[in-house]
Amino acid sequence: MDDHQKIRFLEERLAQANRERMEAITALEMALDLHRYLPTLDEGTNAESLLEEASPRIRAVLPFRAFAFYLVGEGFPSFDRIYCDPVSWSAFVEREKTLLVEDGSFSWAIDRRKVVAVTSSGREEKILLHVLATPSRVLGMFLGVLDPKTEIPDVSLIFLSVVLNSVASLIQNLQLFRLVQGLNGELVERVFALERSGRNLQKERRELQGKAQAAEEDRDHANRTLLQEMAQRRRMEEVLRSQEEQIRALFESSPDSIVVLGRDGTCLYANGAFLERTGSSEERVRGQGLEELLSETPDQVPFWREALDEVFASGRTVRRETRMVFHGRAVCLESTLSPIRGKGDEVCAVGVIWRDVTERRLAEERIRFLSYHDPLTGLYNRRYFEEELVRVDTPRQLPMSLLIGDVDGLKLTNDAFGHQEGDRLLVDAAERIRKVLRGEDILARWGGDEFVVVLPRTDAATARAVAERISRYDEARIPIPCRITFGAATKDREDQDLGQVLREAEDRMYARKLLEREGVRRQILSALMDRLRRSTFESEAHTEGVGGAARRVGELLRLPQEEMRWLELLCCYHDVGMIDLPEAVLRKPGPLDTGEWEMVRKHPELGYRIALSSSSDLAPVAETILCHHERFDGTGYPQGRRGEEIPLLSRILAIADSYEVLTSGRPYRPALSPRKAREEILRGAGSRYDPELVRLFLSEP
């Protein structure tokens with residue numbers, strides 16, 4: 001090979017090296033562009049400024065005396081404090097942190113990923129620990145100091161978690177930002193080194209051209225230099241490729257959806273989170289326009305095109321929040337659009353980060369709802385009512401009437417049928433009131449079993465009519481009829497105090513309940529018995545027959561007048577506990593199966609609870625109702641009492657009830673003659689019945 005051929009060969013090699021150097025520079029520019037599009041972060045951003053911004057939000061959730069943030073140090077489990085508010089508490093916080101790390105509280109909080117409450121070493125403060133973590137790793141710990149008497153509602157803990165999880169995400173993004181800065185700095189230095197190497201190659205080429213006829217050793221020296229530079233370029237290329245992969249890995253590991261859009265709105269890049277959210281692939285989305293990317297929400301295309309145009313025109317970061325549909329799922333997105341600059345500092349693309357804040361917004365909406373609504377009935381709560389009462393207290397609303405109502409029979413329902421049935425009674429009462437009211441009326445749950453109503457532009461007579469309409473018995477309701485006792489009062493003049501009007505309505509409601517209390521209880525009990533008679537074979541004639549037979553035994557025993565009255569009540573109400581049984585069981589013509597018998601055997605206990613809660617007249621016979629299915633030999637139910645452990649009145653009822661059933665018959669058993677029935681009673685003496693009472697009963701012709 002002659003000298004000219006060698007020169008051409010070297011020139012071709014240099015041209016190839018220049019082309020590869022330009023490709024490396026282009027790769028660096030792309031990495032720098034991806035770095036620039038990261039939202040809200042710049043060279044002046046640090047962890048302390050982020051935490052200062054978060055401090056007011058944290059104090060809005062709970063009244064902390066002080067709090068501090070710790071990040072995981074190099075020697076885990078060491079934690080380095082990066083922020084304390086106020087600074088004057090730094091020594092106290094640091095001392096408590098050291099003790100909590102030593103006793104394992106920090107490790108326990110990290111393992112559980114939940115809020116941990118402990119007492120300070122001096123037992124004068126309450127300390128909350130909340131791990132700062134993202135789905136991928138633990139970043140540190142939040143340590144808050146509270147007054148030991150501070151009550152912490154569950155909703156406050158939810159909101160605190162929302163704020164602290166956002167802080168953790170910001171800290172992670174800042175760390176990623178710093179890492180990218182460092183990597184980009186190394187890239188710049190490497191490229192500058194490449195450029196210097198390129199200039200050296202050009203200088204060597206000029207020397208070779210000028211010394212084409214130089215000695216062979218000079219050409220060998222040039223060849224060796226070229227080979228060394230090419231090897232160095234290959235090494236630099238590998239470093240650039242490795243660092244580019246690291247940057248891409250950072251974006252791919254982000255839980256937020258990240259895309260890069262060109263000036264015409266086409267997709268240049270999409271990370272794994274975006275692809276997973278949309279159920280697509282990188283090959284499919286690359287080159288797609290906004291219409292294709294947002295095919296599930298086409299109405300959002302103009303909104304996003306306007307946002308992109310704003311970034312390209314202004315060169316500034318733009319933030320938006322909107323609702324979109326991805327892969328069939330509606331989400332609330334917090335979006336940041338950042339400019340990516342190319343040559344000449346011109347905006348050549350826009351980086352978009354979509355952060356899913358659906359759960360956070362739902363939690364906030366739930367908190368707002370719970371702050372003004374009763375969770376059981378869905379009505380407004382007392383807090384909302386008191387604020388709304390101030391708002392509507394204006395002259396144009398006069399006359400304004402207030403109703404306060406108390407649900408009758410709630411204690412009976414809770415005691416007899418359980419609090420779940422009591423809650424259902426309150427829900428039914430709320431719905432009954434709501435159906436009667438107008439759209440402009442205000443209904444709230446005042447507390448417990450009380451409801452309050454505001455009737456704007458309603459006089460006293462109309463208010464009383466509304467109250468009477470709502471108060472009517474709903475006898476068809478099962479198991480307890482629904483009735484609400486109301487008190488009403490009206491503000492007719494502007495100078496009247498609305499609070500005093502409310503107290504007047506409340507006083508009238510309590511006075512009416514006191515006056516009608518026993519009557520209401522008797523009405524409820526009577527409604528229960530009427531429904532029971534309609535559902536069973538027990539008629540009024542049966543009750544009278546049982547009462548007559550029991551009365552004869554009581555007279556033979558010469559029972560006192562008061563006990564005779566109790567015996568009559570027992571004969572009337574001994575089966576009141578059957579009100580909770582299905583009608584199909586009560587009226588079944590054949591034998592009961594095992595499950596049905598288990599239900600039937602519970603009715604004495606329910607009857608006992610109803611008797612205690614329904615009326616002062618019925619309370620004395622509650623125990624006799626409980627024992628009316630006990631047997632003399634101890635094989636009865638529900639307690640298996642025997643002999644004289646069973647109340648006397650219950651033993652009398654057992655004979656009278658059996659005799660009436662035997663002589664009147666049932667669909668599953670024909671009626672017996674009085675003689676046959678008496679023989680049947682006699683056979684049960686000593687086992688089912690008290691033998692002495694049987695003797696007295698049979699002594700009567």
# chains A, B, ... in the order shown; residues from 1 in each chain; ligands from 1
>>> select_by_dssp(residues="stretch 51-191 of chain A", states="alpha helix (DSSP H)", output="ChimeraX atom specification")
/A:51-61,90-102,105-112,154-191
>>> residues_around(residues="A:Leu612", least_positions_apart="4", cutoff="9 Å", atoms="only C-alpha atoms", output="count of residues only")
11
>>> closest_atom_pairs(of="stretch 414-434 of chain A", to="stretch 477-491 of chain A", cutoff="8 Å", atoms="only C-alpha atoms", output="CSV")
residue,atom,partner,partner_atom,distance
A:Leu425,CA,A:Cys482,CA,7.2
A:Asp428,CA,A:Cys482,CA,7.9
A:Ala429,CA,A:Cys482,CA,6.9
>>> residues_around(residues="A:Leu606", least_positions_apart="5", cutoff="12 Å", atoms="only C-alpha atoms", output="list in words")
Leu412, Thr413, Asn414, Asp415, Ala416, Phe417, Gly418, Tyr573, His574, Asp575, Val576, Gly577, Met578, Ile579, Asp580, Leu581, Met599, Val600, Arg601, Ala611, Leu612, Ser613, Ser614, Ala622, Glu623, Ile625, Leu626, Cys627 and Pro638 of chain A
>>> residues_around(residues="A:Ala465", least_positions_apart="5", cutoff="12 Å", atoms="only C-alpha atoms", output="VMD selection string")
chain A and resid 401 403 436 to 437 458 to 460 470 to 472 486 to 488
>>> atom_distance(atom1="atom CA of A:Gly448", atom2="atom CA of A:Asp507")
16.6 Å
>>> residues_around(residues="stretch 144-153 of chain A", least_positions_apart="6", cutoff="12 Å", atoms="only C-alpha atoms", output="PyMOL selection string")
chain A and resi 55+58-59+61-70+83-86+89-90+92-94+96-97+115-120+122-131+159-160+164+367+370-371
>>> write_last_selection(atoms="C-alpha atoms", output="mmCIF file, in the first residue's frame")
data_model
loop_
_atom_site.group_PDB
_atom_site.id
_atom_site.type_symbol
_atom_site.label_atom_id
_atom_site.label_comp_id
_atom_site.auth_asym_id
_atom_site.auth_seq_id
_atom_site.Cartn_x
_atom_site.Cartn_y
_atom_site.Cartn_z
ATOM 1 C CA SER A 55 -45.284 21.108 57.034
ATOM 2 C CA ILE A 58 -49.118 17.841 58.181
ATOM 3 C CA ARG A 59 -50.106 20.246 60.962
ATOM 4 C CA VAL A 61 -54.122 16.865 59.925
ATOM 5 C CA LEU A 62 -53.059 16.554 63.608
ATOM 6 C CA PRO A 63 -51.914 19.132 66.242
ATOM 7 C CA PHE A 64 -48.282 17.971 66.464
ATOM 8 C CA ARG A 65 -46.093 19.680 69.040
ATOM 9 C CA ALA A 66 -43.139 18.815 66.861
ATOM 10 C CA PHE A 67 -42.175 16.410 64.097
ATOM 11 C CA ALA A 68 -39.064 15.321 62.231
ATOM 12 C CA PHE A 69 -38.130 13.427 59.059
ATOM 13 C CA TYR A 70 -35.335 10.816 58.960
ATOM 14 C CA TYR A 83 -35.700 18.198 58.994
ATOM 15 C CA CYS A 84 -37.243 19.127 62.359
ATOM 16 C CA ASP A 85 -40.117 21.526 63.039
ATOM 17 C CA PRO A 86 -39.672 23.436 65.284
ATOM 18 C CA TRP A 89 -37.279 20.312 69.653
ATOM 19 C CA SER A 90 -34.299 18.825 67.798
ATOM 20 C CA PHE A 92 -35.701 15.912 72.290
ATOM 21 C CA VAL A 93 -36.603 14.314 68.959
ATOM 22 C CA GLU A 94 -33.054 13.009 68.417
ATOM 23 C CA GLU A 96 -36.345 9.708 71.379
ATOM 24 C CA LYS A 97 -35.288 8.536 67.917
ATOM 25 C CA VAL A 115 -48.731 3.996 61.882
ATOM 26 C CA VAL A 116 -47.236 3.045 65.273
ATOM 27 C CA ALA A 117 -48.099 4.997 68.430
ATOM 28 C CA VAL A 118 -45.733 4.821 71.441
ATOM 29 C CA THR A 119 -45.100 6.781 74.628
ATOM 30 C CA SER A 120 -42.002 8.958 75.042
ATOM 31 C CA GLY A 122 -40.456 10.490 79.973
ATOM 32 C CA ARG A 123 -44.086 9.303 79.406
ATOM 33 C CA GLU A 124 -45.093 12.947 78.897
ATOM 34 C CA GLU A 125 -45.613 12.826 75.151
ATOM 35 C CA LYS A 126 -47.321 10.578 72.601
ATOM 36 C CA ILE A 127 -45.130 9.684 69.607
ATOM 37 C CA LEU A 128 -46.377 8.579 66.165
ATOM 38 C CA LEU A 129 -44.078 6.676 63.779
ATOM 39 C CA HIS A 130 -44.980 6.457 60.074
ATOM 40 C CA VAL A 131 -42.628 4.811 57.586
ATOM 41 C CA PHE A 159 -55.283 11.711 55.682
ATOM 42 C CA LEU A 160 -51.849 11.729 57.401
ATOM 43 C CA LEU A 164 -46.751 11.365 54.044
ATOM 44 C CA ILE A 367 -63.421 12.423 54.589
ATOM 45 C CA LEU A 370 -68.079 11.773 56.804
ATOM 46 C CA SER A 371 -67.462 15.237 58.236
#
>>> closest_residue(among="A:Cys332, A:Ala476, A:Ala461, A:Leu337", to="A:Val311", atoms="only C-alpha atoms")
A:Leu337
>>> closest_residue(among="A:Leu402, A:Glu359, A:Leu139, A:His542", to="A:Thr663", atoms="only C-alpha atoms")
A:His542
>>> select_by_dssp(residues="stretch 334-569 of chain A", states="strand (DSSP E)", output="MDAnalysis selection string")
chainID A and resid 334:341 347:356 400:407 442:447 450:455 484:491
>>> residues_around(residues="stretch 672-686 of chain A", least_positions_apart="6", cutoff="10 Å", atoms="only C-alpha atoms", output="PyMOL selection string")
chain A and resi 631-633+643+655-656+658-665+692-695+697-698
>>> write_last_selection(atoms="C-alpha atoms", output="PDB file, in the first residue's frame")
ATOM      1  CA  ARG A 631     -90.508 -29.294  82.133  1.00  0.00           C
ATOM      2  CA  PHE A 632     -90.932 -30.562  85.683  1.00  0.00           C
ATOM      3  CA  ASP A 633     -88.293 -33.282  85.143  1.00  0.00           C
ATOM      4  CA  GLY A 643     -89.266 -28.920  89.860  1.00  0.00           C
ATOM      5  CA  ILE A 655    -100.978 -27.339  82.095  1.00  0.00           C
ATOM      6  CA  ALA A 656    -103.555 -24.767  80.937  1.00  0.00           C
ATOM      7  CA  SER A 658    -101.527 -27.935  76.841  1.00  0.00           C
ATOM      8  CA  TYR A 659    -105.158 -28.644  77.799  1.00  0.00           C
ATOM      9  CA  GLU A 660    -106.485 -25.900  75.496  1.00  0.00           C
ATOM     10  CA  VAL A 661    -104.339 -27.100  72.561  1.00  0.00           C
ATOM     11  CA  LEU A 662    -105.426 -30.733  73.092  1.00  0.00           C
ATOM     12  CA  THR A 663    -109.139 -29.886  73.206  1.00  0.00           C
ATOM     13  CA  SER A 664    -109.163 -27.307  70.372  1.00  0.00           C
ATOM     14  CA  GLY A 665    -106.868 -29.229  67.995  1.00  0.00           C
ATOM     15  CA  GLU A 692     -99.548 -31.440  92.568  1.00  0.00           C
ATOM     16  CA  LEU A 693    -100.894 -28.863  90.119  1.00  0.00           C
ATOM     17  CA  VAL A 694    -102.155 -31.673  87.859  1.00  0.00           C
ATOM     18  CA  ARG A 695    -104.064 -33.090  90.843  1.00  0.00           C
ATOM     19  CA  PHE A 697    -106.465 -29.179  87.799  1.00  0.00           C
ATOM     20  CA  LEU A 698    -108.115 -32.609  87.483  1.00  0.00           C
TER      21      LEU A 698
END
>>> atom_distance(atom1="atom CA of A:Ile442", atom2="atom CA of A:Leu498")
14.7 Å
>>> atom_distance(atom1="atom CA of A:Ile610", atom2="atom CA of A:Asp408")
14.2 Å
>>> residues_around(residues="A:Tyr380", least_positions_apart="4", cutoff="8 Å", atoms="only C-alpha atoms", output="list of chain:residue names")
A:Tyr372, A:His373, A:Asp374, A:Tyr384, A:Phe385, A:Leu443, A:Ala444, A:Arg445
>>> closest_residue(among="A:Glu596, A:Asp657, A:Glu475, A:Tyr269", to="A:Glu583", atoms="only C-alpha atoms")
A:Glu596
>>> decode(residues="stretch 44-67 of chain A", atoms="N, CA and C atoms", output="PDB file, in the first residue's frame")
ATOM      1  N   GLY A  44     -32.012  24.183  42.463  1.00  0.00           N
ATOM      2  CA  GLY A  44     -32.227  24.778  43.780  1.00  0.00           C
ATOM      3  C   GLY A  44     -33.107  23.954  44.696  1.00  0.00           C
ATOM      4  N   THR A  45     -33.674  22.866  44.156  1.00  0.00           N
ATOM      5  CA  THR A  45     -34.587  22.065  44.975  1.00  0.00           C
ATOM      6  C   THR A  45     -33.790  21.154  45.914  1.00  0.00           C
ATOM      7  N   ASN A  46     -34.205  21.145  47.195  1.00  0.00           N
ATOM      8  CA  ASN A  46     -33.598  20.210  48.129  1.00  0.00           C
ATOM      9  C   ASN A  46     -34.684  19.629  49.034  1.00  0.00           C
ATOM     10  N   ALA A  47     -34.321  18.611  49.812  1.00  0.00           N
ATOM     11  CA  ALA A  47     -35.301  17.909  50.645  1.00  0.00           C
ATOM     12  C   ALA A  47     -35.912  18.849  51.685  1.00  0.00           C
ATOM     13  N   GLU A  48     -35.098  19.784  52.223  1.00  0.00           N
ATOM     14  CA  GLU A  48     -35.621  20.670  53.262  1.00  0.00           C
ATOM     15  C   GLU A  48     -36.725  21.575  52.725  1.00  0.00           C
ATOM     16  N   SER A  49     -36.549  22.098  51.488  1.00  0.00           N
ATOM     17  CA  SER A  49     -37.585  22.964  50.921  1.00  0.00           C
ATOM     18  C   SER A  49     -38.867  22.178  50.664  1.00  0.00           C
ATOM     19  N   LEU A  50     -38.744  20.899  50.214  1.00  0.00           N
ATOM     20  CA  LEU A  50     -39.932  20.082  50.007  1.00  0.00           C
ATOM     21  C   LEU A  50     -40.666  19.856  51.328  1.00  0.00           C
ATOM     22  N   LEU A  51     -39.913  19.583  52.386  1.00  0.00           N
ATOM     23  CA  LEU A  51     -40.541  19.293  53.677  1.00  0.00           C
ATOM     24  C   LEU A  51     -41.134  20.556  54.298  1.00  0.00           C
ATOM     25  N   GLU A  52     -40.501  21.727  54.071  1.00  0.00           N
ATOM     26  CA  GLU A  52     -41.096  22.978  54.552  1.00  0.00           C
ATOM     27  C   GLU A  52     -42.455  23.216  53.901  1.00  0.00           C
ATOM     28  N   GLU A  53     -42.566  22.869  52.632  1.00  0.00           N
ATOM     29  CA  GLU A  53     -43.842  23.031  51.935  1.00  0.00           C
ATOM     30  C   GLU A  53     -44.891  22.067  52.478  1.00  0.00           C
ATOM     31  N   ALA A  54     -44.463  20.873  52.893  1.00  0.00           N
ATOM     32  CA  ALA A  54     -45.411  19.866  53.400  1.00  0.00           C
ATOM     33  C   ALA A  54     -45.825  20.120  54.849  1.00  0.00           C
ATOM     34  N   SER A  55     -45.022  20.925  55.603  1.00  0.00           N
ATOM     35  CA  SER A  55     -45.284  21.108  57.034  1.00  0.00           C
ATOM     36  C   SER A  55     -46.693  21.615  57.331  1.00  0.00           C
ATOM     37  N   PRO A  56     -47.201  22.667  56.651  1.00  0.00           N
ATOM     38  CA  PRO A  56     -48.560  23.131  56.966  1.00  0.00           C
ATOM     39  C   PRO A  56     -49.613  22.056  56.751  1.00  0.00           C
ATOM     40  N   ARG A  57     -49.447  21.201  55.723  1.00  0.00           N
ATOM     41  CA  ARG A  57     -50.431  20.147  55.475  1.00  0.00           C
ATOM     42  C   ARG A  57     -50.419  19.113  56.597  1.00  0.00           C
ATOM     43  N   ILE A  58     -49.215  18.823  57.092  1.00  0.00           N
ATOM     44  CA  ILE A  58     -49.118  17.841  58.181  1.00  0.00           C
ATOM     45  C   ILE A  58     -49.775  18.388  59.445  1.00  0.00           C
ATOM     46  N   ARG A  59     -49.515  19.663  59.751  1.00  0.00           N
ATOM     47  CA  ARG A  59     -50.106  20.246  60.962  1.00  0.00           C
ATOM     48  C   ARG A  59     -51.617  20.431  60.819  1.00  0.00           C
ATOM     49  N   ALA A  60     -52.119  20.497  59.579  1.00  0.00           N
ATOM     50  CA  ALA A  60     -53.559  20.606  59.372  1.00  0.00           C
ATOM     51  C   ALA A  60     -54.261  19.298  59.702  1.00  0.00           C
ATOM     52  N   VAL A  61     -53.518  18.170  59.656  1.00  0.00           N
ATOM     53  CA  VAL A  61     -54.122  16.865  59.925  1.00  0.00           C
ATOM     54  C   VAL A  61     -54.208  16.606  61.430  1.00  0.00           C
ATOM     55  N   LEU A  62     -53.092  16.818  62.167  1.00  0.00           N
ATOM     56  CA  LEU A  62     -53.059  16.554  63.608  1.00  0.00           C
ATOM     57  C   LEU A  62     -52.256  17.675  64.292  1.00  0.00           C
ATOM     58  N   PRO A  63     -52.602  18.025  65.544  1.00  0.00           N
ATOM     59  CA  PRO A  63     -51.914  19.132  66.242  1.00  0.00           C
ATOM     60  C   PRO A  63     -50.570  18.677  66.821  1.00  0.00           C
ATOM     61  N   PHE A  64     -49.582  18.419  65.987  1.00  0.00           N
ATOM     62  CA  PHE A  64     -48.282  17.971  66.464  1.00  0.00           C
ATOM     63  C   PHE A  64     -47.581  19.102  67.224  1.00  0.00           C
ATOM     64  N   ARG A  65     -46.977  18.728  68.365  1.00  0.00           N
ATOM     65  CA  ARG A  65     -46.093  19.680  69.040  1.00  0.00           C
ATOM     66  C   ARG A  65     -44.792  19.856  68.253  1.00  0.00           C
ATOM     67  N   ALA A  66     -44.348  18.780  67.691  1.00  0.00           N
ATOM     68  CA  ALA A  66     -43.139  18.815  66.861  1.00  0.00           C
ATOM     69  C   ALA A  66     -43.129  17.564  66.000  1.00  0.00           C
ATOM     70  N   PHE A  67     -42.374  17.600  64.906  1.00  0.00           N
ATOM     71  CA  PHE A  67     -42.175  16.410  64.097  1.00  0.00           C
ATOM     72  C   PHE A  67     -40.869  16.512  63.340  1.00  0.00           C
TER      73      PHE A  67
END
